[in-house]
Amino acid sequence: MAPTNPEPLPAPIVTTEKCIIRPYAPSDAEPMAAAANLPEITMYMRNRFPHPYTLEDSKFWIDLSVKATPMVNFAIFTPDGDFAGAIGLIPGQDVEYRTWEVGYWIAKHQWGKGIATTALKAFSVWAFKEFPELLRLEAGVFEGNNASMKVLEKANYVREGVRRKAICKRGKVLDQVLFSLLREDVEGS
């Protein structure tokens, strides 16, 4: 019997010299679960990002993401196909419907390679092109997550202020630093 061919991977939404961003595929579940199941990853994520992060958690997220309309959550890969992390959007509600939150995480073995900055820059441009109603992207960073703050600054996000004692993670109360990028920041450059 001839070997079965794996399903083709979804087409990328963004391709750069350092990363590829594309919709999730079922084959992403195992490498994503392995990369996400580290306390160094989860310590700066919302509490709904589970720890430990199991294969079932990964499968659930992939299924939820690919069925969403609009699709706003994606996987990040190195150009050679190694799973490198995830990036996505949370659409705003009510009077903030034109402001969306952007979030991302990078697999520990990919830290320090410029993947996060490259992915965030390119994904932000994609988001403004894909969603014409979008005027503002914002990101809230937990106090102490200096690497993520540097990523946002390198991606031309503006540090707007600090929400004092806005976060409680693992029993510790933390400040949250707010960053934003406006449509005109991208289109004007």
# chains A, B, ... in the order shown; residues from 1 in each chain; ligands from 1
$ residues_around --residues "stretch 145-151 of chain A" --least-positions-apart "4" --cutoff "7 Å" --atoms "only C-alpha atoms" --output "number ranges by chain"
A: 44, 116-117, 141, 155
$ residues_around --residues "A:Arg183" --least-positions-apart "4" --cutoff "12 Å" --atoms "only C-alpha atoms" --output "ChimeraX atom specification"
/A:98-100,124-138,156-157,187-189
$ select_by_dssp --residues "stretch 13-188 of chain A" --states "strand (DSSP E)" --output "ChimeraX atom specification"
/A:14-15,20-22,73-77,83-90,99-106,136-142,158-169,172-182
$ closest_residue --among "A:Val186, A:Val158, A:Asp63, A:Glu143" --to "A:Val173" --atoms "only C-alpha atoms"
A:Glu143
$ closest_residue --among "A:Gly144, A:Thr54, A:Ala36, A:Gln93" --to "A:Leu174" --atoms "only C-alpha atoms"
A:Gly144
$ closest_residue --among "A:Ile20, A:Ala122, A:Met45, A:Leu38" --to "A:Gly81" --atoms "only C-alpha atoms"
A:Ile20
$ residues_around --residues "stretch 25-29 of chain A" --least-positions-apart "2" --cutoff "8 Å" --atoms "only C-alpha atoms" --output "PyMOL selection string"
chain A and resi 9-10+23+31-33+55+58-59+62+83
$ write_last_selection --atoms "C-alpha atoms" --output "mmCIF file, in the first residue's frame"
data_model
loop_
_atom_site.group_PDB
_atom_site.id
_atom_site.type_symbol
_atom_site.label_atom_id
_atom_site.label_comp_id
_atom_site.auth_asym_id
_atom_site.auth_seq_id
_atom_site.Cartn_x
_atom_site.Cartn_y
_atom_site.Cartn_z
ATOM 1 C CA LEU A 9 -0.695 23.164 4.581
ATOM 2 C CA PRO A 10 -2.878 26.280 4.488
ATOM 3 C CA PRO A 23 -3.780 29.375 9.505
ATOM 4 C CA PRO A 31 4.663 21.068 18.111
ATOM 5 C CA MET A 32 2.372 23.784 19.461
ATOM 6 C CA ALA A 33 1.600 21.817 22.628
ATOM 7 C CA LEU A 55 -2.156 18.151 23.235
ATOM 8 C CA SER A 58 -3.702 22.533 21.340
ATOM 9 C CA LYS A 59 -6.268 20.580 19.299
ATOM 10 C CA ILE A 62 -6.670 24.874 16.460
ATOM 11 C CA PHE A 83 6.784 25.902 14.683
#
$ select_by_dssp --residues "stretch 82-121 of chain A" --states "helix (DSSP H, G or I)" --output "ChimeraX atom specification"
/A:94-96,108-110,115-121
$ residues_around --residues "A:Val102" --least-positions-apart "2" --cutoff "6 Å" --atoms "only C-alpha atoms" --output "list in words"
Gly88, Leu89, Glu138 and Ala139 of chain A
$ closest_residue --among "A:Thr42, A:Gln110, A:Asn37, A:Thr118" --to "A:Glu17" --atoms "only C-alpha atoms"
A:Thr118
$ closest_residue --among "A:Val162, A:Tyr104, A:Tyr97, A:Thr15" --to "A:Phe74" --atoms "only C-alpha atoms"
A:Tyr104
$ atom_distance --atom1 "atom CA of A:Phe49" --atom2 "atom CA of A:Glu7"
27.6 Å
$ atom_distance --atom1 "atom CA of A:Trp111" --atom2 "atom CA of A:Ile41"
10.9 Å
